[in-house]
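Participant: As input, take final.cif (mmCIF, C-alpha atoms):
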data_run
loop_
_atom_site.label_atom_id
_atom_site.label_comp_id
_atom_site.auth_asym_id
_atom_site.auth_seq_id
_atom_site.Cartn_x
_atom_site.Cartn_y
_atom_site.Cartn_z
CA MET A 13 117.53 101.64 104.67
CA ILE A 14 116.92 105.38 104.30
CA LEU A 15 115.49 106.37 100.91
CA LEU A 16 114.87 110.09 101.57
CA ALA A 17 116.93 112.13 104.04
CA ILE A 18 115.89 115.68 104.91
CA ARG A 19 118.39 117.71 106.90
CA GLY A 20 117.99 121.21 108.33
CA LEU A 21 115.37 122.14 105.73
CA VAL A 22 114.40 125.81 105.79
CA LYS A 23 111.99 127.59 103.48
CA ARG A 24 111.35 131.30 103.90
CA PHE A 25 108.84 133.50 102.13
CA GLY A 26 110.05 136.97 102.93
CA GLY A 27 110.32 137.14 106.70
CA VAL A 28 108.09 134.10 107.25
CA ALA A 29 109.68 130.68 107.85
CA ALA A 30 107.29 128.10 106.39
CA LEU A 31 109.86 125.41 107.30
CA ASP A 32 112.35 125.94 110.08
CA GLY A 33 115.13 123.36 110.32
CA VAL A 34 113.22 120.15 109.52
CA ASP A 35 115.11 116.86 109.91
CA LEU A 36 113.27 113.75 108.70
CA ASP A 37 114.18 110.32 107.31
CA ILE A 38 111.91 108.09 105.24
CA ASN A 39 112.85 104.43 105.05
CA ARG A 40 112.57 102.31 101.94
CA ASP A 41 109.25 100.40 101.67
CA GLU A 42 107.50 102.25 104.50
CA ILE A 43 104.41 104.43 104.62
CA LEU A 44 105.09 107.70 106.41
CA GLY A 45 102.17 109.98 107.21
CA LEU A 46 102.71 113.73 107.62
CA ILE A 47 100.13 115.63 109.65
CA GLY A 48 99.77 119.05 111.21
CA PRO A 49 97.32 121.95 111.52
CA ASN A 50 96.50 124.10 108.51
CA GLY A 51 99.48 126.26 107.61
CA ALA A 52 101.95 123.95 109.34
CA GLY A 53 104.19 123.72 106.23
CA LYS A 54 103.23 120.26 104.98
CA THR A 55 102.70 121.08 101.30
CA THR A 56 105.71 123.42 101.39
CA LEU A 57 107.79 120.44 102.50
CA PHE A 58 106.43 118.37 99.60
CA ASN A 59 107.20 121.23 97.19
CA CYS A 60 110.80 121.44 98.40
CA VAL A 61 111.28 117.68 98.14
CA SER A 62 109.74 117.38 94.66
CA GLY A 63 111.52 120.35 93.06
CA PHE A 64 108.61 122.78 92.85
CA SER A 65 110.10 125.18 95.39
CA PRO A 66 113.85 125.35 96.14
CA PRO A 67 114.68 125.38 99.86
CA THR A 68 116.23 128.44 101.44
CA ALA A 69 118.67 126.25 103.36
CA GLY A 70 119.25 122.61 104.22
CA GLU A 71 119.37 119.58 101.96
CA VAL A 72 117.21 116.78 100.62
CA ARG A 73 118.98 113.58 99.58
CA PHE A 74 117.34 110.71 97.72
CA GLY A 75 118.16 107.16 96.71
CA ASP A 76 120.96 104.76 97.54
CA SER A 77 123.59 107.24 96.38
CA GLY A 78 122.08 110.16 98.32
CA LEU A 79 121.64 112.50 95.37
CA GLU A 80 120.81 116.09 96.36
CA LEU A 81 117.32 117.11 95.22
CA GLY A 82 117.06 120.59 96.66
CA ARG A 83 118.29 122.47 93.57
CA ARG A 84 116.81 120.21 90.90
CA GLY A 85 113.67 120.98 88.89
CA PRO A 86 110.50 118.85 89.09
CA HIS A 87 111.30 116.97 85.86
CA GLU A 88 114.76 116.05 87.16
CA VAL A 89 113.36 114.86 90.49
CA ALA A 90 110.70 112.79 88.69
CA ARG A 91 113.35 111.23 86.46
CA LEU A 92 115.29 110.15 89.55
CA GLY A 93 112.27 108.16 90.78
CA LEU A 94 110.12 110.45 92.91
CA ALA A 95 106.53 111.09 91.79
CA ARG A 96 103.75 113.08 93.44
CA THR A 97 100.08 114.02 93.38
CA PHE A 98 98.62 117.37 94.38
CA GLN A 99 96.20 118.73 96.94
CA ASN A 100 94.33 120.43 94.08
CA ILE A 101 93.89 117.84 91.34
CA ARG A 102 95.99 118.57 88.25
CA LEU A 103 94.62 116.44 85.44
CA PHE A 104 94.21 117.27 81.76
CA PRO A 105 90.40 117.58 81.75
CA HIS A 106 89.97 117.54 77.96
CA MET A 107 92.04 114.39 77.51
CA THR A 108 90.84 110.85 78.09
CA VAL A 109 91.58 108.88 81.21
CA LEU A 110 94.04 106.69 79.29
CA GLU A 111 95.76 109.71 77.73
CA ASN A 112 96.27 111.23 81.18
CA VAL A 113 98.08 108.10 82.35
CA LEU A 114 100.14 108.02 79.14
CA VAL A 115 101.46 111.46 80.11
CA GLY A 116 103.03 109.78 83.13
CA ARG A 117 104.91 107.43 80.79
CA HIS A 118 106.76 110.33 79.13
CA LEU A 119 109.89 109.92 81.25
CA LYS A 120 110.06 106.23 80.29
CA THR A 121 110.18 106.83 76.55
CA ARG A 122 113.17 107.71 74.35
CA ALA A 123 111.59 108.87 71.09
CA GLY A 124 112.06 112.53 70.23
CA ILE A 125 110.03 114.63 67.80
CA VAL A 126 111.89 113.47 64.68
CA ALA A 127 111.66 109.78 65.59
CA ALA A 128 107.96 110.16 66.39
CA LEU A 129 107.33 111.76 62.99
CA TRP A 130 109.13 108.93 61.16
CA ARG A 131 107.12 106.34 63.12
CA SER A 132 109.87 103.74 62.97
CA ALA A 133 109.25 100.22 64.26
CA TRP A 134 110.97 100.82 67.60
CA VAL A 135 108.90 103.97 68.15
CA ARG A 136 105.70 102.01 67.51
CA ASP A 137 106.87 99.30 69.89
CA GLU A 138 107.64 101.93 72.53
CA GLU A 139 104.19 103.46 72.13
CA GLU A 140 102.51 100.08 72.41
CA LEU A 141 104.45 99.28 75.59
CA SER A 142 103.43 102.62 77.08
CA ARG A 143 99.79 101.92 76.26
CA LEU A 144 99.96 98.47 77.84
CA LYS A 145 101.61 99.85 80.97
CA ALA A 146 99.04 102.65 81.21
CA GLU A 147 96.21 100.15 80.92
CA GLU A 148 97.81 98.02 83.64
CA TRP A 149 97.93 100.98 86.03
CA LEU A 150 94.32 101.88 85.25
CA ASP A 151 93.38 98.32 86.11
CA PHE A 152 95.47 98.57 89.28
CA VAL A 153 93.53 101.61 90.54
CA GLY A 154 90.16 100.26 89.34
CA LEU A 155 89.55 102.60 86.39
CA GLU A 156 90.05 100.18 83.49
CA ASP A 157 86.41 100.54 82.39
CA ARG A 158 86.74 104.36 82.16
CA ALA A 159 89.82 104.47 79.92
CA GLY A 160 87.99 106.18 77.06
CA ALA A 161 86.11 108.70 79.21
CA MET A 162 87.20 112.31 79.43
CA ALA A 163 89.01 113.05 82.69
CA ARG A 164 86.58 115.89 83.47
CA GLU A 165 83.67 113.42 83.43
CA LEU A 166 84.97 111.42 86.40
CA PRO A 167 83.67 112.02 89.92
CA LEU A 168 86.17 113.50 92.37
CA GLY A 169 87.17 110.19 93.95
CA ASP A 170 87.93 108.68 90.55
CA GLN A 171 89.89 111.78 89.52
CA ARG A 172 92.13 111.31 92.55
CA ARG A 173 92.67 107.67 91.64
CA LEU A 174 93.48 108.73 88.08
CA GLU A 175 96.09 111.17 89.33
CA ILE A 176 97.62 108.34 91.37
CA ALA A 177 97.65 106.08 88.29
CA ARG A 178 99.44 108.79 86.28
CA ALA A 179 102.08 109.11 89.00
CA LEU A 180 102.50 105.32 89.19
CA ALA A 181 103.03 105.20 85.42
CA GLN A 182 106.37 106.93 86.06
CA GLU A 183 107.44 103.73 87.93
CA PRO A 184 108.74 105.71 90.91
CA MET A 185 110.69 104.50 93.91
CA MET A 186 108.74 106.92 96.11
CA LEU A 187 105.26 108.39 95.77
CA LEU A 188 104.20 111.60 97.54
CA LEU A 189 100.43 111.87 98.06
CA ASP A 190 99.11 115.30 99.04
CA GLU A 191 95.72 114.84 100.78
CA PRO A 192 94.58 111.92 98.59
CA ALA A 193 91.34 111.43 100.59
CA ALA A 194 90.20 115.07 100.32
CA GLY A 195 86.58 115.24 99.16
CA MET A 196 86.08 111.47 99.24
CA ASN A 197 83.07 109.81 100.84
CA PRO A 198 83.59 107.03 103.44
CA SER A 199 83.43 104.17 100.92
CA GLU A 200 85.87 105.92 98.56
CA THR A 201 88.19 106.58 101.50
CA GLU A 202 88.10 102.91 102.48
CA ALA A 203 88.97 101.92 98.92
CA LEU A 204 91.81 104.45 98.90
CA MET A 205 93.32 102.91 102.02
CA GLY A 206 93.30 99.53 100.30
CA LEU A 207 94.89 101.05 97.19
CA ILE A 208 97.71 102.63 99.20
CA GLY A 209 98.42 99.27 100.79
CA ARG A 210 98.61 97.64 97.35
CA ILE A 211 100.95 100.34 96.08
CA ARG A 212 103.39 99.45 98.86
CA THR A 213 103.37 95.83 97.66
CA GLN A 214 104.79 97.10 94.35
CA GLY A 215 107.99 98.11 96.17
CA ILE A 216 107.05 101.80 96.26
CA THR A 217 107.71 103.89 99.37
CA LEU A 218 104.86 106.24 100.30
CA PHE A 219 104.96 109.67 101.94
CA LEU A 220 101.52 111.21 102.40
CA ILE A 221 99.89 114.32 103.78
CA GLU A 222 96.40 113.69 105.07
CA HIS A 223 93.90 115.39 107.37
CA ASP A 224 91.70 112.31 107.75
CA MET A 225 93.12 110.77 110.90
CA ARG A 226 91.41 107.45 110.24
CA VAL A 227 93.44 107.16 107.03
CA VAL A 228 96.74 108.30 108.55
CA MET A 229 96.52 106.18 111.66
CA GLY A 230 95.13 103.20 109.77
CA ILE A 231 97.82 102.83 107.09
CA SER A 232 101.00 104.59 108.27
CA ASP A 233 103.99 102.76 109.72
CA ARG A 234 105.17 106.05 111.21
CA VAL A 235 103.67 109.51 111.53
CA ALA A 236 105.52 112.85 111.57
CA VAL A 237 103.93 116.05 112.83
CA LEU A 238 104.65 119.60 111.68
CA ASP A 239 103.51 122.74 113.48
CA HIS A 240 104.47 126.24 112.29
CA GLY A 241 107.23 124.77 110.13
CA VAL A 242 108.82 122.77 112.95
CA LEU A 243 108.82 118.99 113.32
CA ILE A 244 107.33 118.52 116.80
CA ALA A 245 106.95 114.74 116.92
CA GLU A 246 107.40 111.49 115.03
CA GLY A 247 106.66 107.91 115.96
CA SER A 248 104.14 105.12 115.57
CA PRO A 249 100.46 106.04 115.13
CA ALA A 250 99.75 105.01 118.71
CA GLU A 251 102.62 107.14 120.05
CA ILE A 252 101.51 110.17 118.04
CA GLN A 253 97.92 109.95 119.27
CA ARG A 254 99.17 110.13 122.87
CA HIS A 255 101.86 112.78 122.30
CA PRO A 256 101.15 115.91 124.41
CA ALA A 257 102.68 118.35 121.89
CA VAL A 258 100.55 116.90 119.08
CA ILE A 259 97.38 117.11 121.14
CA GLU A 260 98.12 120.71 122.03
CA ALA A 261 98.92 121.66 118.42
CA TYR A 262 95.58 120.32 117.22
CA LEU A 263 93.29 121.22 120.09
CA GLY A 264 95.12 123.82 122.12
CA ARG A 265 95.01 121.69 125.24
CA SER A 266 96.74 118.59 126.58
CA ASP A 267 93.77 116.58 127.88
CA ALA A 268 92.40 115.07 124.66
CA ALA A 269 93.58 113.17 121.61
CA PRO A 270 93.46 114.60 118.07
CA ALA A 271 90.21 113.90 116.26
#
Would you mind writing the structure in this file as structure tokens?
Facilitator:
Amino acid sequence: MILLAIRGLVKRFGGVAALDGVDLDINRDEILGLIGPNGAGKTTLFNCVSGFSPPTAGEVRFGDSGLELGRRGPHEVARLGLARTFQNIRLFPHMTVLENVLVGRHLKTRAGIVAALWRSAWVRDEEELSRLKAEEWLDFVGLEDRAGAMARELPLGDQRRLEIARALAQEPMMLLLDEPAAGMNPSETEALMGLIGRIRTQGITLFLIEHDMRVVMGISDRVAVLDHGVLIAEGSPAEIQRHPAVIEAYLGRSDAAPA
């Protein structure tokens, strides 16, 4: 069953087409990897899907009812069940690890400013549930022992896992990961691959951008390839590694596989 349907997606910046008529489906419960050379339009595609940059043309439809996302803001998209992380980590460095994850629970709470000030019983219960859920997600990503640490104190690999935990706290149907392995060492990358596999077992569909081919080819059910804003190939990891257009886009020749 299709969870995210992208049709004829175009994004222009002045006279430059960062995306040029992209059609792509993502099925429920799958892991789809998105690859392409630098400047191919991968993050622009994520921005259009997640509400950070409205498309110039085309449509993005999400969920069983096919709701249009293309003209909704990021908070509306998140509320519908689509969460994301960023290529450049966006944590709150002067807040604790637990507090950062609690931010992700915001869309799951109902208390407004007045109710929070009155501290009624149901508000306290809601806050306690949020704390318990945040602690569960920290345990899930392996950061339970760092809950009281400041986010800025974590090494890069742990900061990326924290950003994933914050996104998971939204309880999304789909999670977009923008280069989650960037800056990680081999052991951290291996642990990340295991984490992504566990996220899928929670019933969450994953759509990820990644330059580390070992990660993409090792965990993706399907791989899609962008080049200069155009989708040039999609298929299984094995098919993509043999695809002539993909090889040429990465290496400029058709006699070797992408590294």
Participant: Against region 216-230 of chain A, which residues of region 100-212 of chain A fall within 9 Å? For each one I want the closest pair of atoms and the distance in Å (one decimal), counting all atoms listed in the file, rows by chain and increasing residue number, as a Markdown table.
Facilitator:
| residue | atom | partner | partner_atom | distance |
| --- | --- | --- | --- | --- |
| A:Glu183 | CA | A:Ile216 | CA | 8.6 |
| A:Pro184 | CA | A:Ile216 | CA | 6.8 |
| A:Met185 | CA | A:Ile216 | CA | 5.1 |
| A:Met186 | CA | A:Thr217 | CA | 4.6 |
| A:Leu187 | CA | A:Leu218 | CA | 5.0 |
| A:Leu188 | CA | A:Phe219 | CA | 4.9 |
| A:Leu189 | CA | A:Leu220 | CA | 4.5 |
| A:Asp190 | CA | A:Ile221 | CA | 4.9 |
| A:Glu191 | CA | A:Glu222 | CA | 4.5 |
| A:Pro192 | CA | A:Glu222 | CA | 7.0 |
| A:Ala193 | CA | A:Glu222 | CA | 7.1 |
| A:Ala194 | CA | A:Glu222 | CA | 7.9 |
| A:Thr201 | CA | A:Val227 | CA | 7.6 |
| A:Glu202 | CA | A:Val227 | CA | 8.2 |
| A:Leu204 | CA | A:Val227 | CA | 8.7 |
| A:Met205 | CA | A:Val227 | CA | 6.6 |
| A:Ile208 | CA | A:Leu218 | CA | 8.1 |
| A:Ile211 | CA | A:Ile216 | CA | 6.3 |
| A:Arg212 | CA | A:Ile216 | CA | 5.1 |
Participant: Generate a file of the selected residues that holds C-alpha atoms, formatted as a PDB file, in the coordinates of the input.
Facilitator:
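After the write, out_24.pdb holds the following:
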ATOM      1  CA  GLU A 183     107.440 103.730  87.930  1.00  0.00           C
ATOM      2  CA  PRO A 184     108.740 105.710  90.910  1.00  0.00           C
ATOM      3  CA  MET A 185     110.690 104.500  93.910  1.00  0.00           C
ATOM      4  CA  MET A 186     108.740 106.920  96.110  1.00  0.00           C
ATOM      5  CA  LEU A 187     105.260 108.390  95.770  1.00  0.00           C
ATOM      6  CA  LEU A 188     104.200 111.600  97.540  1.00  0.00           C
ATOM      7  CA  LEU A 189     100.430 111.870  98.060  1.00  0.00           C
ATOM      8  CA  ASP A 190      99.110 115.300  99.040  1.00  0.00           C
ATOM      9  CA  GLU A 191      95.720 114.840 100.780  1.00  0.00           C
ATOM     10  CA  PRO A 192      94.580 111.920  98.590  1.00  0.00           C
ATOM     11  CA  ALA A 193      91.340 111.430 100.590  1.00  0.00           C
ATOM     12  CA  ALA A 194      90.200 115.070 100.320  1.00  0.00           C
ATOM     13  CA  THR A 201      88.190 106.580 101.500  1.00  0.00           C
ATOM     14  CA  GLU A 202      88.100 102.910 102.480  1.00  0.00           C
ATOM     15  CA  LEU A 204      91.810 104.450  98.900  1.00  0.00           C
ATOM     16  CA  MET A 205      93.320 102.910 102.020  1.00  0.00           C
ATOM     17  CA  ILE A 208      97.710 102.630  99.200  1.00  0.00           C
ATOM     18  CA  ILE A 211     100.950 100.340  96.080  1.00  0.00           C
ATOM     19  CA  ARG A 212     103.390  99.450  98.860  1.00  0.00           C
TER      20      ARG A 212
END
Participant: In Å, with one decimal, what is the gap from CA of Asp41 (chain A) to CA of Leu180 (chain A)?
Facilitator: 15.0 Å
Participant: With distances taken over only C-alpha atoms, which residue among A:Glu260, A:Glu251, A:Glu71, A:Asp157 lies nearest Asp37 (chain A)?
Facilitator: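 For Asp37 (chain A), the nearest of the given residues is A:Glu71.
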Participant: Rounded to one decimal, what separation in Å do you get between CA of Pro105 (chain A) and CA of Gly63 (chain A)?
Facilitator: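 About the pair CA of Pro105 (chain A) and CA of Gly63 (chain A): they are 24.1 Å apart.
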Participant: Would you mind telling me which residue in A:Ser62, A:Ile18, A:Glu138, A:Gly45 lies nearest to Gly78 (chain A) when using all atoms listed in the file?
Facilitator: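 Of A:Ser62, A:Ile18, A:Glu138, A:Gly45, the one nearest Gly78 (chain A) is A:Ile18, counting all atoms listed in the file.
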Participant: Using Å and a single decimal, report how far CA of Met107 (chain A) sits from CA of Gly195 (chain A).
Facilitator: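 These atoms are spaced 22.3 Å apart.
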Participant: Hey, can you pull every residue with an atom no more than 8 Å from (88.5, 109.2, 74.9), using all atoms listed in the file, and send it as a PyMOL selection string?
Facilitator: chain A and resi 107-111+159-162
Participant: Please evaluate the PyMOL selection byres ((chain A and resi 247) around 10) against the structure above and give the resulting residues as number ranges by chain.
Facilitator: A: 44, 233-237, 245-246, 248-253, 255
Participant: Write to file, as a short mmCIF file (atom, residue, chain, number, x, y, z; two decimals), in the frame of the given file, the residues of the selection just made, with C-alpha atoms.
Facilitator:
data_model
loop_
_atom_site.label_atom_id
_atom_site.label_comp_id
_atom_site.auth_asym_id
_atom_site.auth_seq_id
_atom_site.Cartn_x
_atom_site.Cartn_y
_atom_site.Cartn_z
CA LEU A 44 105.09 107.70 106.41
CA ASP A 233 103.99 102.76 109.72
CA ARG A 234 105.17 106.05 111.21
CA VAL A 235 103.67 109.51 111.53
CA ALA A 236 105.52 112.85 111.57
CA VAL A 237 103.93 116.05 112.83
CA ALA A 245 106.95 114.74 116.92
CA GLU A 246 107.40 111.49 115.03
CA SER A 248 104.14 105.12 115.57
CA PRO A 249 100.46 106.04 115.13
CA ALA A 250 99.75 105.01 118.71
CA GLU A 251 102.62 107.14 120.05
CA ILE A 252 101.51 110.17 118.04
CA GLN A 253 97.92 109.95 119.27
CA HIS A 255 101.86 112.78 122.30
#
Participant: Looking at A:Phe104, A:Ala179, A:Leu15, A:Leu141, which one is nearest to Ile43 (chain A), with distances taken over all atoms listed in the file?
Facilitator: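 Nearest candidate to Ile43 (chain A) out of A:Phe104, A:Ala179, A:Leu15, A:Leu141: A:Leu15.
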Participant: Expand the PyMOL selection byres ((chain A and resi 119) around 10) into the explicit residue set it covers here, and present it as a VMD selection string.
Facilitator: chain A and resid 87 to 88 90 to 93 115 to 118 120 to 122 181 to 183
Participant: Can you tell me, as AutoDock Vina command-line options, the centre and edge lengths (Å, one decimal) of the axis-aligned box enclosing all of region 230-242 of chain A's listed atoms after padding each side by 3 Å?
Facilitator:
--center_x 102.0 --center_y 114.5 --center_z 110.3 --size_x 19.7 --size_y 29.5 --size_z 12.4
Participant: Any chance you could resolve the PyMOL selection byres ((chain A and resi 241) around 8) against this file and give the residues as a list in words?
Facilitator: Ala29, Ala30, Leu31, Asp32, Val34, Ala52, Gly53, Lys54, Leu238, Asp239, His240, Val242 and Leu243 of chain A
Participant: Using all atoms listed in the file for the distances, tell me which of A:Ile176, A:Phe98, A:Phe25, A:His106 is nearest to Pro66 (chain A).
Facilitator: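 Using all atoms listed in the file, the shortest distance to Pro66 (chain A) belongs to A:Phe25.
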Participant: Between A:Ile231, A:Gly48, A:Thr213, A:Asn59, which is the closest to Val258 (chain A) once you count all atoms listed in the file?
Facilitator: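 The answer is A:Gly48, which sits nearest to Val258 (chain A).
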